[in-house]
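Participant: Have a look at this one.
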Amino acid sequence: MSDGRPAPNPRSGASGASANRPADGAAGTAAVPGARVVAPRPLSDPSPPGTGSTPAPSGSPPGDAPPRSGHGRRRLVRLGYGLGALLGLVAYGVVHHETGAGRPPHCSVVDALSSGTGGDGDGDGSDGPYVLQPQQAANAATISAVGEARGLDEWAVTIAIATAMQESSLRNIDYGDRDSLGLFQQRPSMGWGSEAEIMDPVYSAGRFYDHLVEVPGYADLPLTVAAQTVQRSAFPDEYAKHEPRAAMLAGAFTGRDSATLSCAFTEDPEAAPGEAGELVRRLEREFGERGAAPTALRPTVEISGTGGSEVVEVVVPVPREAGEATTRTARRVAHWAVAHARELGVTRVTDGERRWEAATSTRGWRAEGTGGPGPGTEVRITLRR
């Protein structure tokens, strides 16, 4: 960054690495000069091999087929084995591609209308699913929670997520241009905070929003103009390309859309149990302290069962508000929990509408059965034991 503000990291934003773009007719036979063209024998030709239009090899008994060598038979056997192995690999690849099994841990977000999950968005879904790593999804979830804790709207969240996509590819990196650090490549030497503070995603997101709200009329500005006014990048137009995918993430994490973000990974049987106290602390810190933010949560811990069958759940009651706001709060907390699931040891999330489970995470969200408290009244987050 110039003018006292962080510059884009040439190893990430400036290079465009943060874009994450998933990024017949019949042919004749060419004639060979001097070659003898042999017409194929019709299927109805009664002549035995060696007596038709193709002469038998020299030394072959008249009317008998040329003898096959043992080497030829062995080559055919090897070819058969190779073909069988290839077909097996193809079948394995197809199954694992369709189910997501065998893939590295990943998250994906889709447009609400194209996915059929419902929501209030008006995206056209033309960009398809956006696949990202769990740490990237978790950072986007934190950026959104911090923005909403300040009472900011979805547009502000979209601007912040797109900015972090350009500056760091949504990774909390400890390097950058000159002394730039973190999700937004903020510089300690320019007053953004200490190195430790900037490497804290909650702090760095808050500092970005501090400057964003000071931009006159930012809510009516194009995304790239608003982001550039805060960041003062040497590449001012690079933020715009991230807007469609940033909007998809913001739609999920602000609760506008339901079940549009899901994460898939194989549970590690050796992983440590999830810590209910840490989950509660993170929820309260990112969504705002009690009584100090419009999105402040009051999670509680419930423990049932004993011994090996013990179940630990963090229950997040949703404030009794009128209208759609109640459901949106449940959705935003549920999406946040799934994005942080691998990091915090979450095995199951339910929001009254749908449920996500780590054991079947390749299937994504599924409709919740009846008998629960009802859509939008609470979010239940089950932890690994």
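Going through the structure tokens in order, the chains are called A, B, and so on, while each chain numbers its residues from 1 and the ligands are numbered from 1 in the order shown.
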As a PDB file with C-alpha atoms, in the first residue's frame, please: the residues near Thr382 (chain A) (cut-off 8 Å, only C-alpha atoms, same-chain neighbours under 5 positions excluded).

Facilitator:
```pdb
ATOM      1  CA  VAL A 311     -23.043 -35.571  24.532  1.00  0.00           C
ATOM      2  CA  VAL A 312     -21.907 -31.958  24.913  1.00  0.00           C
ATOM      3  CA  GLU A 313     -23.901 -29.274  23.115  1.00  0.00           C
ATOM      4  CA  VAL A 314     -23.650 -25.508  23.004  1.00  0.00           C
ATOM      5  CA  VAL A 346     -17.925 -29.465  15.945  1.00  0.00           C
ATOM      6  CA  THR A 347     -19.672 -32.656  14.833  1.00  0.00           C
ATOM      7  CA  ARG A 348     -23.268 -31.501  14.321  1.00  0.00           C
ATOM      8  CA  VAL A 349     -25.151 -28.231  13.777  1.00  0.00           C
TER       9      VAL A 349
END
```

Participant: Could you go through region 161-376 of chain A and tell me which residues DSSP, when run on the backbone, assigns to helix (DSSP H, G or I), listing them as a JSON list (two decimals) with N, CA and C atoms, in the first residue's frame?

Facilitator:
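The result, stored in selection-v4.json:
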```
[["chain", "number", "residue", "atom", "x", "y", "z"],
["A", 161, "ILE", "N", -15.18, -8.73, 2.98],
["A", 161, "ILE", "CA", -14.77, -10.07, 2.55],
["A", 161, "ILE", "C", -14.02, -9.98, 1.22],
["A", 162, "ALA", "N", -14.52, -9.19, 0.28],
["A", 162, "ALA", "CA", -13.85, -9.04, -1.01],
["A", 162, "ALA", "C", -12.45, -8.44, -0.84],
["A", 163, "THR", "N", -12.32, -7.50, 0.08],
["A", 163, "THR", "CA", -11.01, -6.90, 0.34],
["A", 163, "THR", "C", -10.03, -7.93, 0.86],
["A", 164, "ALA", "N", -10.46, -8.75, 1.81],
["A", 164, "ALA", "CA", -9.58, -9.79, 2.34],
["A", 164, "ALA", "C", -9.27, -10.86, 1.30],
["A", 165, "MET", "N", -10.20, -11.14, 0.40],
["A", 165, "MET", "CA", -9.94, -12.09, -0.69],
["A", 165, "MET", "C", -8.80, -11.58, -1.57],
["A", 166, "GLN", "N", -8.78, -10.28, -1.84],
["A", 166, "GLN", "CA", -7.73, -9.70, -2.68],
["A", 166, "GLN", "C", -6.41, -9.60, -1.93],
["A", 167, "GLU", "N", -6.45, -9.14, -0.70],
["A", 167, "GLU", "CA", -5.22, -8.86, 0.03],
["A", 167, "GLU", "C", -4.50, -10.11, 0.50],
["A", 168, "SER", "N", -5.23, -11.14, 0.91],
["A", 168, "SER", "CA", -4.58, -12.30, 1.53],
["A", 168, "SER", "C", -5.18, -13.63, 1.11],
["A", 188, "PRO", "N", 1.76, -2.37, 10.89],
["A", 188, "PRO", "CA", 1.99, -1.82, 12.23],
["A", 188, "PRO", "C", 2.65, -0.44, 12.19],
["A", 189, "SER", "N", 3.56, -0.22, 11.23],
["A", 189, "SER", "CA", 4.29, 1.05, 11.17],
["A", 189, "SER", "C", 3.40, 2.22, 10.77],
["A", 190, "MET", "N", 2.20, 1.91, 10.28],
["A", 190, "MET", "CA", 1.29, 2.98, 9.85],
["A", 190, "MET", "C", 0.09, 3.13, 10.78],
["A", 195, "GLU", "N", 1.76, -5.99, 15.81],
["A", 195, "GLU", "CA", 1.76, -7.22, 15.01],
["A", 195, "GLU", "C", 0.79, -8.24, 15.58],
["A", 196, "ALA", "N", 0.79, -8.40, 16.91],
["A", 196, "ALA", "CA", -0.10, -9.38, 17.54],
["A", 196, "ALA", "C", -1.56, -9.00, 17.32],
["A", 197, "GLU", "N", -1.87, -7.71, 17.40],
["A", 197, "GLU", "CA", -3.25, -7.29, 17.20],
["A", 197, "GLU", "C", -3.70, -7.52, 15.76],
["A", 198, "ILE", "N", -2.86, -7.17, 14.80],
["A", 198, "ILE", "CA", -3.23, -7.32, 13.40],
["A", 198, "ILE", "C", -3.39, -8.79, 13.02],
["A", 201, "PRO", "N", -7.80, -12.01, 13.76],
["A", 201, "PRO", "CA", -8.82, -11.70, 12.76],
["A", 201, "PRO", "C", -9.94, -10.80, 13.27],
["A", 202, "VAL", "N", -10.33, -10.95, 14.53],
["A", 202, "VAL", "CA", -11.40, -10.10, 15.06],
["A", 202, "VAL", "C", -10.94, -8.65, 15.11],
["A", 203, "TYR", "N", -9.73, -8.43, 15.59],
["A", 203, "TYR", "CA", -9.20, -7.06, 15.66],
["A", 203, "TYR", "C", -9.03, -6.47, 14.26],
["A", 204, "SER", "N", -8.39, -7.23, 13.35],
["A", 204, "SER", "CA", -8.10, -6.66, 12.03],
["A", 204, "SER", "C", -9.38, -6.36, 11.26],
["A", 205, "ALA", "N", -10.39, -7.22, 11.39],
["A", 205, "ALA", "CA", -11.67, -6.93, 10.74],
["A", 205, "ALA", "C", -12.30, -5.68, 11.32],
["A", 206, "GLY", "N", -12.22, -5.54, 12.64],
["A", 206, "GLY", "CA", -12.77, -4.35, 13.28],
["A", 206, "GLY", "C", -12.09, -3.08, 12.81],
["A", 207, "ARG", "N", -10.75, -3.13, 12.65],
["A", 207, "ARG", "CA", -10.03, -1.95, 12.17],
["A", 207, "ARG", "C", -10.42, -1.60, 10.74],
["A", 208, "PHE", "N", -10.65, -2.61, 9.91],
["A", 208, "PHE", "CA", -11.10, -2.33, 8.55],
["A", 208, "PHE", "C", -12.45, -1.61, 8.58],
["A", 209, "TYR", "N", -13.38, -2.13, 9.38],
["A", 209, "TYR", "CA", -14.70, -1.49, 9.45],
["A", 209, "TYR", "C", -14.61, -0.08, 10.04],
["A", 210, "ASP", "N", -13.67, 0.16, 10.98],
["A", 210, "ASP", "CA", -13.49, 1.51, 11.52],
["A", 210, "ASP", "C", -13.24, 2.51, 10.41],
["A", 211, "HIS", "N", -12.40, 2.13, 9.45],
["A", 211, "HIS", "CA", -12.07, 3.03, 8.35],
["A", 211, "HIS", "C", -13.17, 3.04, 7.28],
["A", 212, "LEU", "N", -13.82, 1.92, 7.07],
["A", 212, "LEU", "CA", -14.86, 1.87, 6.04],
["A", 212, "LEU", "C", -16.01, 2.83, 6.35],
["A", 218, "TYR", "N", -20.19, 5.37, 1.55],
["A", 218, "TYR", "CA", -19.65, 4.08, 1.09],
["A", 218, "TYR", "C", -20.76, 3.12, 0.68],
["A", 219, "ALA", "N", -21.92, 3.21, 1.30],
["A", 219, "ALA", "CA", -23.01, 2.28, 0.99],
["A", 219, "ALA", "C", -23.50, 2.43, -0.44],
["A", 220, "ASP", "N", -23.24, 3.57, -1.06],
["A", 220, "ASP", "CA", -23.69, 3.80, -2.43],
["A", 220, "ASP", "C", -22.55, 3.73, -3.43],
["A", 223, "LEU", "N", -18.12, -1.39, -5.06],
["A", 223, "LEU", "CA", -17.30, -2.10, -4.08],
["A", 223, "LEU", "C", -15.82, -1.74, -4.19],
["A", 224, "THR", "N", -15.29, -1.75, -5.40],
["A", 224, "THR", "CA", -13.86, -1.52, -5.56],
["A", 224, "THR", "C", -13.46, -0.11, -5.13],
["A", 225, "VAL", "N", -14.36, 0.87, -5.30],
["A", 225, "VAL", "CA", -14.07, 2.24, -4.88],
["A", 225, "VAL", "C", -14.05, 2.34, -3.36],
["A", 226, "ALA", "N", -15.02, 1.71, -2.71],
["A", 226, "ALA", "CA", -15.06, 1.74, -1.24],
["A", 226, "ALA", "C", -13.84, 1.05, -0.65],
["A", 227, "ALA", "N", -13.49, -0.13, -1.19],
["A", 227, "ALA", "CA", -12.34, -0.86, -0.68],
["A", 227, "ALA", "C", -11.05, -0.09, -0.91],
["A", 228, "GLN", "N", -10.89, 0.50, -2.09],
["A", 228, "GLN", "CA", -9.68, 1.24, -2.42],
["A", 228, "GLN", "C", -9.52, 2.48, -1.55],
["A", 229, "THR", "N", -10.62, 3.10, -1.18],
["A", 229, "THR", "CA", -10.56, 4.29, -0.33],
["A", 229, "THR", "C", -9.96, 3.94, 1.03],
["A", 230, "VAL", "N", -10.25, 2.74, 1.51],
["A", 230, "VAL", "CA", -9.68, 2.28, 2.79],
["A", 230, "VAL", "C", -8.25, 1.80, 2.60],
["A", 231, "GLN", "N", -8.01, 0.98, 1.60],
["A", 231, "GLN", "CA", -6.73, 0.29, 1.45],
["A", 231, "GLN", "C", -5.66, 1.11, 0.72],
["A", 240, "ALA", "N", -12.74, -5.52, -7.49],
["A", 240, "ALA", "CA", -14.04, -5.73, -8.14],
["A", 240, "ALA", "C", -14.26, -7.19, -8.53],
["A", 241, "LYS", "N", -13.20, -7.88, -8.95],
["A", 241, "LYS", "CA", -13.38, -9.25, -9.45],
["A", 241, "LYS", "C", -13.84, -10.22, -8.37],
["A", 242, "HIS", "N", -13.70, -9.84, -7.12],
["A", 242, "HIS", "CA", -14.10, -10.74, -6.02],
["A", 242, "HIS", "C", -15.54, -10.51, -5.56],
["A", 243, "GLU", "N", -16.20, -9.50, -6.10],
["A", 243, "GLU", "CA", -17.54, -9.17, -5.59],
["A", 243, "GLU", "C", -18.55, -10.31, -5.68],
["A", 244, "PRO", "N", -18.67, -11.05, -6.81],
["A", 244, "PRO", "CA", -19.69, -12.11, -6.86],
["A", 244, "PRO", "C", -19.53, -13.16, -5.78],
["A", 245, "ARG", "N", -18.31, -13.62, -5.57],
["A", 245, "ARG", "CA", -18.10, -14.68, -4.58],
["A", 245, "ARG", "C", -18.15, -14.13, -3.15],
["A", 246, "ALA", "N", -17.70, -12.90, -2.97],
["A", 246, "ALA", "CA", -17.83, -12.28, -1.65],
["A", 246, "ALA", "C", -19.31, -12.13, -1.28],
["A", 247, "ALA", "N", -20.14, -11.81, -2.28],
["A", 247, "ALA", "CA", -21.58, -11.68, -2.03],
["A", 247, "ALA", "C", -22.20, -13.02, -1.65],
["A", 248, "MET", "N", -21.72, -14.12, -2.26],
["A", 248, "MET", "CA", -22.23, -15.44, -1.90],
["A", 248, "MET", "C", -21.88, -15.77, -0.45],
["A", 249, "LEU", "N", -20.65, -15.47, -0.05],
["A", 249, "LEU", "CA", -20.24, -15.73, 1.34],
["A", 249, "LEU", "C", -21.02, -14.83, 2.31],
["A", 250, "ALA", "N", -21.18, -13.58, 1.95],
["A", 250, "ALA", "CA", -21.93, -12.67, 2.82],
["A", 250, "ALA", "C", -23.38, -13.10, 2.94],
["A", 251, "GLY", "N", -23.96, -13.60, 1.85],
["A", 251, "GLY", "CA", -25.35, -14.07, 1.92],
["A", 251, "GLY", "C", -25.53, -15.19, 2.91],
["A", 252, "ALA", "N", -24.53, -16.09, 2.98],
["A", 252, "ALA", "CA", -24.60, -17.19, 3.95],
["A", 252, "ALA", "C", -24.36, -16.70, 5.36],
["A", 253, "PHE", "N", -23.29, -15.92, 5.56],
["A", 253, "PHE", "CA", -22.87, -15.57, 6.92],
["A", 253, "PHE", "C", -23.70, -14.46, 7.56],
["A", 276, "ALA", "N", -16.17, -26.85, 24.96],
["A", 276, "ALA", "CA", -17.37, -26.02, 25.00],
["A", 276, "ALA", "C", -17.04, -24.60, 25.44],
["A", 277, "GLY", "N", -16.13, -24.46, 26.40],
["A", 277, "GLY", "CA", -15.78, -23.12, 26.88],
["A", 277, "GLY", "C", -15.17, -22.26, 25.79],
["A", 278, "GLU", "N", -14.31, -22.86, 24.95],
["A", 278, "GLU", "CA", -13.69, -22.11, 23.87],
["A", 278, "GLU", "C", -14.72, -21.72, 22.81],
["A", 279, "LEU", "N", -15.64, -22.62, 22.51],
["A", 279, "LEU", "CA", -16.68, -22.31, 21.54],
["A", 279, "LEU", "C", -17.54, -21.16, 22.03],
["A", 280, "VAL", "N", -17.94, -21.19, 23.30],
["A", 280, "VAL", "CA", -18.76, -20.11, 23.87],
["A", 280, "VAL", "C", -17.99, -18.79, 23.81],
["A", 281, "ARG", "N", -16.70, -18.82, 24.17],
["A", 281, "ARG", "CA", -15.90, -17.60, 24.15],
["A", 281, "ARG", "C", -15.82, -17.00, 22.76],
["A", 282, "ARG", "N", -15.61, -17.86, 21.76],
["A", 282, "ARG", "CA", -15.50, -17.38, 20.40],
["A", 282, "ARG", "C", -16.82, -16.79, 19.91],
["A", 283, "LEU", "N", -17.92, -17.46, 20.20],
["A", 283, "LEU", "CA", -19.23, -16.95, 19.80],
["A", 283, "LEU", "C", -19.49, -15.56, 20.39],
["A", 284, "GLU", "N", -19.24, -15.43, 21.68],
["A", 284, "GLU", "CA", -19.52, -14.16, 22.35],
["A", 284, "GLU", "C", -18.58, -13.05, 21.86],
["A", 285, "ARG", "N", -17.34, -13.39, 21.60],
["A", 285, "ARG", "CA", -16.39, -12.36, 21.17],
["A", 285, "ARG", "C", -16.67, -11.91, 19.74],
["A", 286, "GLU", "N", -16.95, -12.83, 18.84],
["A", 286, "GLU", "CA", -17.11, -12.47, 17.44],
["A", 286, "GLU", "C", -18.46, -11.85, 17.13],
["A", 287, "PHE", "N", -19.51, -12.31, 17.81],
["A", 287, "PHE", "CA", -20.83, -11.74, 17.56],
["A", 287, "PHE", "C", -21.14, -10.56, 18.48],
["A", 307, "GLY", "N", -20.23, -41.17, 30.60],
["A", 307, "GLY", "CA", -19.15, -42.01, 30.08],
["A", 307, "GLY", "C", -18.94, -41.82, 28.59],
["A", 308, "GLY", "N", -18.84, -42.96, 27.89],
["A", 308, "GLY", "CA", -18.59, -42.93, 26.46],
["A", 308, "GLY", "C", -19.74, -42.40, 25.65],
["A", 309, "SER", "N", -20.92, -42.30, 26.24],
["A", 309, "SER", "CA", -22.09, -41.81, 25.50],
["A", 309, "SER", "C", -22.42, -40.36, 25.82],
["A", 325, "ALA", "N", -36.03, -11.58, 10.92],
["A", 325, "ALA", "CA", -34.78, -11.40, 11.65],
["A", 325, "ALA", "C", -34.44, -12.61, 12.51],
["A", 326, "THR", "N", -35.45, -13.26, 13.07],
["A", 326, "THR", "CA", -35.19, -14.42, 13.92],
["A", 326, "THR", "C", -34.55, -15.55, 13.11],
["A", 327, "THR", "N", -35.11, -15.86, 11.97],
["A", 327, "THR", "CA", -34.55, -16.93, 11.16],
["A", 327, "THR", "C", -33.16, -16.57, 10.66],
["A", 328, "ARG", "N", -32.92, -15.33, 10.28],
["A", 328, "ARG", "CA", -31.61, -14.91, 9.81],
["A", 328, "ARG", "C", -30.55, -15.09, 10.89],
["A", 329, "THR", "N", -30.90, -14.78, 12.13],
["A", 329, "THR", "CA", -29.93, -14.95, 13.22],
["A", 329, "THR", "C", -29.55, -16.41, 13.37],
["A", 330, "ALA", "N", -30.52, -17.30, 13.30],
["A", 330, "ALA", "CA", -30.22, -18.73, 13.40],
["A", 330, "ALA", "C", -29.34, -19.18, 12.24],
["A", 331, "ARG", "N", -29.63, -18.71, 11.05],
["A", 331, "ARG", "CA", -28.85, -19.12, 9.88],
["A", 331, "ARG", "C", -27.41, -18.63, 9.98],
["A", 332, "ARG", "N", -27.22, -17.39, 10.44],
["A", 332, "ARG", "CA", -25.85, -16.86, 10.48],
["A", 332, "ARG", "C", -25.01, -17.60, 11.52],
["A", 333, "VAL", "N", -25.62, -17.95, 12.65],
["A", 333, "VAL", "CA", -24.88, -18.70, 13.66],
["A", 333, "VAL", "C", -24.57, -20.12, 13.17],
["A", 334, "ALA", "N", -25.53, -20.75, 12.50],
["A", 334, "ALA", "CA", -25.33, -22.10, 12.00],
["A", 334, "ALA", "C", -24.22, -22.14, 10.95],
["A", 335, "HIS", "N", -24.23, -21.19, 10.01],
["A", 335, "HIS", "CA", -23.18, -21.14, 9.01],
["A", 335, "HIS", "C", -21.82, -20.87, 9.64],
["A", 336, "TRP", "N", -21.78, -19.98, 10.62],
["A", 336, "TRP", "CA", -20.53, -19.69, 11.33],
["A", 336, "TRP", "C", -20.00, -20.96, 11.98],
["A", 337, "ALA", "N", -20.86, -21.74, 12.63],
["A", 337, "ALA", "CA", -20.43, -22.96, 13.32],
["A", 337, "ALA", "C", -19.88, -23.99, 12.35],
["A", 338, "VAL", "N", -20.51, -24.13, 11.18],
["A", 338, "VAL", "CA", -20.01, -25.09, 10.19],
["A", 338, "VAL", "C", -18.66, -24.65, 9.64],
["A", 339, "ALA", "N", -18.50, -23.36, 9.39],
["A", 339, "ALA", "CA", -17.22, -22.86, 8.88],
["A", 339, "ALA", "C", -16.09, -23.10, 9.87],
["A", 341, "ALA", "N", -16.13, -25.61, 12.09],
["A", 341, "ALA", "CA", -16.32, -26.95, 12.65],
["A", 341, "ALA", "C", -15.02, -27.73, 12.81],
["A", 342, "ARG", "N", -14.21, -27.76, 11.78],
["A", 342, "ARG", "CA", -12.98, -28.55, 11.85],
["A", 342, "ARG", "C", -12.02, -27.99, 12.89],
["A", 343, "GLU", "N", -11.98, -26.69, 13.01],
["A", 343, "GLU", "CA", -11.09, -26.01, 13.95],
["A", 343, "GLU", "C", -11.53, -26.21, 15.40],
["A", 344, "LEU", "N", -12.84, -26.19, 15.65],
["A", 344, "LEU", "CA", -13.35, -26.21, 17.03],
["A", 344, "LEU", "C", -13.91, -27.56, 17.46],
["A", 358, "ALA", "N", -20.73, -33.79, 10.69],
["A", 358, "ALA", "CA", -19.39, -34.06, 10.19],
["A", 358, "ALA", "C", -19.27, -35.46, 9.60],
["A", 359, "ALA", "N", -19.94, -36.42, 10.21],
["A", 359, "ALA", "CA", -19.84, -37.81, 9.75],
["A", 359, "ALA", "C", -20.39, -37.99, 8.35],
["A", 360, "THR", "N", -21.32, -37.16, 7.95],
["A", 360, "THR", "CA", -21.90, -37.24, 6.60],
["A", 360, "THR", "C", -21.74, -35.89, 5.88],
["A", 361, "SER", "N", -20.63, -35.22, 6.15],
["A", 361, "SER", "CA", -20.47, -33.85, 5.67],
["A", 361, "SER", "C", -20.40, -33.75, 4.15],
["A", 362, "THR", "N", -20.03, -34.83, 3.47],
["A", 362, "THR", "CA", -20.00, -34.77, 2.00],
["A", 362, "THR", "C", -21.39, -34.62, 1.40],
["A", 363, "ARG", "N", -22.41, -34.88, 2.20],
["A", 363, "ARG", "CA", -23.79, -34.73, 1.73],
["A", 363, "ARG", "C", -24.34, -33.33, 1.96]]
```

Participant: Can you tell me, as a list in words, what residues are no more than 9 Å from Gly288 (chain A) when counting only C-alpha atoms, ignoring any on the same chain fewer than 6 positions away?

Facilitator: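 Near Gly288 (chain A), the qualifying residues are Ala145, Val146, Glu148, Ala149, Arg150, Pro294, Thr295, Ala296 and Leu297 of chain A.
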
Participant: Among the residues of region 93-257 of chain A, find those DSSP assigns to strand (DSSP E or B) from the backbone and print them as a PyMOL selection string.

Facilitator: chain A and resi 106-109+119+130-132+181+186+257

Participant: Generate a file of the selected residues that holds N, CA, C and O atoms, formatted as an mmCIF file, in the first residue's frame.

Facilitator:
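The resulting file, part21.cif, is shown below:
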```
data_model
loop_
_atom_site.group_PDB
_atom_site.id
_atom_site.type_symbol
_atom_site.label_atom_id
_atom_site.label_comp_id
_atom_site.auth_asym_id
_atom_site.auth_seq_id
_atom_site.Cartn_x
_atom_site.Cartn_y
_atom_site.Cartn_z
ATOM 1 N N HIS A 106 -12.549 -29.249 2.691
ATOM 2 C CA HIS A 106 -12.912 -28.084 1.904
ATOM 3 C C HIS A 106 -14.300 -27.601 2.288
ATOM 4 O O HIS A 106 -15.082 -28.332 2.903
ATOM 5 N N CYS A 107 -14.581 -26.372 1.944
ATOM 6 C CA CYS A 107 -15.911 -25.797 2.105
ATOM 7 C C CYS A 107 -16.356 -25.269 0.746
ATOM 8 O O CYS A 107 -15.539 -24.997 -0.128
ATOM 9 N N SER A 108 -17.645 -25.149 0.571
ATOM 10 C CA SER A 108 -18.169 -24.592 -0.671
ATOM 11 C C SER A 108 -19.421 -23.782 -0.367
ATOM 12 O O SER A 108 -20.187 -24.105 0.539
ATOM 13 N N VAL A 109 -19.584 -22.723 -1.140
ATOM 14 C CA VAL A 109 -20.763 -21.880 -0.987
ATOM 15 C C VAL A 109 -21.391 -21.720 -2.363
ATOM 16 O O VAL A 109 -20.692 -21.638 -3.372
ATOM 17 N N GLY A 119 -33.792 -18.441 0.113
ATOM 18 C CA GLY A 119 -33.109 -17.268 0.625
ATOM 19 C C GLY A 119 -33.718 -16.031 0.013
ATOM 20 O O GLY A 119 -34.627 -16.091 -0.803
ATOM 21 N N TYR A 130 -18.416 -21.914 -5.154
ATOM 22 C CA TYR A 130 -17.091 -21.385 -4.835
ATOM 23 C C TYR A 130 -16.491 -22.295 -3.765
ATOM 24 O O TYR A 130 -17.015 -22.396 -2.656
ATOM 25 N N VAL A 131 -15.412 -22.981 -4.103
ATOM 26 C CA VAL A 131 -14.777 -23.932 -3.191
ATOM 27 C C VAL A 131 -13.566 -23.271 -2.552
ATOM 28 O O VAL A 131 -12.733 -22.668 -3.245
ATOM 29 N N LEU A 132 -13.454 -23.388 -1.245
ATOM 30 C CA LEU A 132 -12.355 -22.789 -0.517
ATOM 31 C C LEU A 132 -11.960 -23.681 0.653
ATOM 32 O O LEU A 132 -12.681 -24.629 1.006
ATOM 33 N N LEU A 181 0.638 -7.277 7.234
ATOM 34 C CA LEU A 181 0.315 -8.550 7.884
ATOM 35 C C LEU A 181 -1.181 -8.822 7.831
ATOM 36 O O LEU A 181 -1.994 -7.915 7.661
ATOM 37 N N GLN A 186 -2.540 -5.138 6.894
ATOM 38 C CA GLN A 186 -2.406 -3.872 7.602
ATOM 39 C C GLN A 186 -0.981 -3.738 8.153
ATOM 40 O O GLN A 186 -0.344 -4.736 8.484
ATOM 41 N N ASP A 257 -29.280 -16.251 3.323
ATOM 42 C CA ASP A 257 -29.509 -17.522 2.655
ATOM 43 C C ASP A 257 -29.408 -18.671 3.640
ATOM 44 O O ASP A 257 -28.667 -18.607 4.626
#
```

Participant: Report the distance between CA of Thr266 (chain A) and CA of Pro104 (chain A) in Å, rounded to one decimal place.

Facilitator: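 The value is 8.5 Å.
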
Participant: Of the residues A:Ser304, A:Thr158, A:Ser169, A:Thr350, which is the one nearest to Glu368 (chain A), using only C-alpha atoms?

Facilitator: A:Thr350
